[in-house]
Amino acid sequence: PYEVLLKTTFWNKREISARVRLPASPNTCIVVPSTFFPGHRFKYRLFLKATASVTLTPHVPKAMHCASMKGQWTPELCGSYKNVAVNPQYALVVEEDCVVHVLLEQTAARKKQTSEGGNLTSDLAIGCLCYKGRQSCSSQPDPKSKVGGDVVFTKYSEVARTLTLKATDGPFCLIPCTFVSRQEREFLLTVVSDKQVELRAADSTKISSPDVARSAA
């Protein structure tokens with residue numbers, strides 16, 4: 001595990017700074033710029049001043065594989081977390097034990113008019129459920145087959161969760177869903193792993209991308 005040398009306080013400011021004393025060792029330290037909330041996109045500048053010679057270079061992690069599919073909730077295919085089977089469904093196939101990162105992004109967000117006359121994006125409360133031993137759910141699945149425990153639904157443009165999967169428990173069924181039923185929104189489902197994965201839509205799921213997405217590094 002990594003040792004955290006410094007963690008700054010998050011502020012709503014254009015610029016923040018921090019000072020840290022680094023150990024005199026040949027080990028590489030990793031600097032991670034981050035926002036407090038997920039789902040944001042901004043450009044930034046990272047500066048480093050030191051009393052000794054240092055080098056700052058982009059960190060390139062080990063090769064990762066990614067598979068993505070586009071989908072949509074409609075009033076007829078949006079049963080919320082209470083009626084899991086009435087949602088878009090995706091089969092996830094892994095050939096070996098692995099850790100996967102599941103990202104769900106709602107796109108083409110609805111606009112709502114504010115009292116001041118401006119437009120604000122209204123994000124839905126979303127989450128993604130995972131069940132083992134099946135490629136789809138024609139009825140309410142057994143709670144014991146749920147992978148990763150309960151899901152917290154949040155009104156973010158993008159939510160993510162990390163799952164540890166055993167190949168012998170597969171295939172797996174990923175079900176993006178909303179907290180409230182009968183809502184409408186397009187979304188993008190992405191699975192990232194250091195192992196090969198295959199993501200395909202269930203027969204009942206209407207999609208706007210290829211039927212099968214194999215991970216690519």
# chains A, B, ... in the order shown; residues from 1 in each chain; ligands from 1
>>> select_by_dssp(residues="range 16-177 of chain A", states="helix (DSSP H, G or I)", output="list in words")
Pro143, Lys144, Ser145, Ala167, Thr168 and Asp169 of chain A
>>> residues_around(residues="Cys177 in chain A", least_positions_apart="5", cutoff="9 Å", atoms="only C-alpha atoms", output="list in words")
Trp73, Cys78, Gly79, Ser80, Tyr81, Val84, Asn87, Pro88, Ala125, Ile126, Gly127, Cys128 and Leu129 of chain A
>>> write_last_selection(atoms="C-alpha atoms", output="mmCIF file, in the first residue's frame")
data_model
loop_
_atom_site.group_PDB
_atom_site.id
_atom_site.type_symbol
_atom_site.label_atom_id
_atom_site.label_comp_id
_atom_site.auth_asym_id
_atom_site.auth_seq_id
_atom_site.Cartn_x
_atom_site.Cartn_y
_atom_site.Cartn_z
ATOM 1 C CA TRP A 73 -33.383 4.796 -19.539
ATOM 2 C CA CYS A 78 -36.621 2.496 -15.872
ATOM 3 C CA GLY A 79 -37.854 0.519 -12.877
ATOM 4 C CA SER A 80 -35.426 2.109 -10.397
ATOM 5 C CA TYR A 81 -33.620 0.008 -7.794
ATOM 6 C CA VAL A 84 -34.328 -4.164 -10.933
ATOM 7 C CA ASN A 87 -33.826 -1.598 -16.398
ATOM 8 C CA PRO A 88 -31.146 -1.810 -19.096
ATOM 9 C CA ALA A 125 -29.733 10.016 -8.679
ATOM 10 C CA ILE A 126 -28.025 7.010 -10.292
ATOM 11 C CA GLY A 127 -26.142 3.850 -9.374
ATOM 12 C CA CYS A 128 -25.070 0.521 -10.859
ATOM 13 C CA LEU A 129 -25.934 -2.888 -9.414
#
>>> closest_residue(among="A:Pro141, A:Pro33, A:Pro38, A:Pro23", to="Ala52 in chain A", atoms="only C-alpha atoms")
A:Pro23
>>> closest_residue(among="A:Ala24, A:Ala63, A:Leu92, A:Ile30", to="Leu5 in chain A", atoms="only C-alpha atoms")
A:Ile30
>>> select_by_dssp(residues="range 6-215 of chain A", states="strand (DSSP E or B)", output="number ranges by chain")
A: 65-73, 90-94, 98-107, 111-113, 119-121, 126-132, 146, 154, 158-165, 172-178, 185-193, 197-201, 212-214
>>> write_last_selection(atoms="C-alpha atoms", output="tab-separated table (two decimals), in the first residue's frame")
chain	number	residue	atom	x	y	z
A	65	HIS	CA	-8.34	-2.52	-20.42
A	66	CYS	CA	-11.58	-0.65	-21.03
A	67	ALA	CA	-14.98	-1.64	-22.43
A	68	SER	CA	-17.83	0.84	-22.88
A	69	MET	CA	-21.44	0.76	-24.04
A	70	LYS	CA	-24.06	3.45	-24.52
A	71	GLY	CA	-27.59	2.98	-23.23
A	72	GLN	CA	-30.76	4.80	-22.26
A	73	TRP	CA	-33.38	4.80	-19.54
A	90	TYR	CA	-25.40	-5.77	-19.47
A	91	ALA	CA	-23.53	-9.06	-19.24
A	92	LEU	CA	-19.94	-8.81	-17.99
A	93	VAL	CA	-17.63	-11.73	-18.72
A	94	VAL	CA	-14.19	-12.14	-17.11
A	98	CYS	CA	-9.80	-9.46	-11.32
A	99	VAL	CA	-10.68	-6.07	-9.91
A	100	VAL	CA	-12.93	-3.96	-12.13
A	101	HIS	CA	-13.86	-0.29	-11.91
A	102	VAL	CA	-17.41	0.39	-13.09
A	103	LEU	CA	-18.18	3.95	-14.21
A	104	LEU	CA	-21.69	5.15	-15.01
A	105	GLU	CA	-22.08	8.55	-16.65
A	106	GLN	CA	-25.43	10.15	-17.44
A	107	THR	CA	-25.30	12.07	-20.71
A	111	LYS	CA	-32.24	21.25	-18.56
A	112	LYS	CA	-34.49	23.00	-16.08
A	113	GLN	CA	-35.38	26.69	-15.95
A	119	ASN	CA	-30.49	26.95	-17.24
A	120	LEU	CA	-29.19	24.36	-14.79
A	121	THR	CA	-28.42	20.73	-15.49
A	126	ILE	CA	-28.02	7.01	-10.29
A	127	GLY	CA	-26.14	3.85	-9.37
A	128	CYS	CA	-25.07	0.52	-10.86
A	129	LEU	CA	-25.93	-2.89	-9.41
A	130	CYS	CA	-24.01	-6.10	-10.07
A	131	TYR	CA	-25.24	-9.69	-9.75
A	132	LYS	CA	-23.21	-12.89	-10.17
A	146	LYS	CA	-25.52	-9.19	-5.37
A	154	THR	CA	-26.12	10.09	-5.85
A	158	GLU	CA	-20.80	10.24	-13.09
A	159	VAL	CA	-20.63	7.61	-10.36
A	160	ALA	CA	-18.10	4.82	-9.91
A	161	ARG	CA	-17.57	1.69	-7.85
A	162	THR	CA	-14.83	-0.93	-7.58
A	163	LEU	CA	-15.68	-4.64	-7.57
A	164	THR	CA	-13.54	-7.72	-6.90
A	165	LEU	CA	-14.76	-10.50	-9.20
A	172	PHE	CA	-22.06	-11.09	-14.11
A	173	CYS	CA	-25.01	-8.82	-14.79
A	174	LEU	CA	-24.53	-5.06	-14.52
A	175	ILE	CA	-27.72	-3.04	-14.12
A	176	PRO	CA	-27.48	0.77	-14.34
A	177	CYS	CA	-30.54	2.20	-12.62
A	178	THR	CA	-32.00	5.35	-11.16
A	185	ARG	CA	-31.77	9.77	-19.67
A	186	GLU	CA	-28.96	8.51	-21.88
A	187	PHE	CA	-25.91	7.04	-20.19
A	188	LEU	CA	-22.47	5.59	-20.82
A	189	LEU	CA	-21.38	2.44	-18.96
A	190	THR	CA	-17.64	1.78	-18.77
A	191	VAL	CA	-15.70	-1.09	-17.21
A	192	VAL	CA	-11.97	-0.67	-16.57
A	193	SER	CA	-9.67	-3.49	-15.42
A	197	VAL	CA	-13.22	-8.14	-19.94
A	198	GLU	CA	-16.19	-8.44	-22.27
A	199	LEU	CA	-19.32	-6.33	-21.96
A	200	ARG	CA	-22.48	-7.10	-23.92
A	201	ALA	CA	-26.06	-5.89	-23.83
A	212	VAL	CA	-20.50	-6.60	-27.72
A	213	ALA	CA	-17.67	-4.44	-26.42
A	214	ARG	CA	-14.36	-6.20	-25.76
>>> atom_distance(atom1="CA of Lys43 in chain A", atom2="CA of Thr55 in chain A")
21.4 Å
>>> residues_around(residues="Thr9 in chain A", least_positions_apart="3", cutoff="10 Å", atoms="only C-alpha atoms", output="PyMOL selection string")
chain A and resi 6+16-18+36
>>> atom_distance(atom1="CA of Glu96 in chain A", atom2="CA of Ala167 in chain A")
4.9 Å
>>> atom_distance(atom1="CA of Lys155 in chain A", atom2="CA of Phe37 in chain A")
10.9 Å
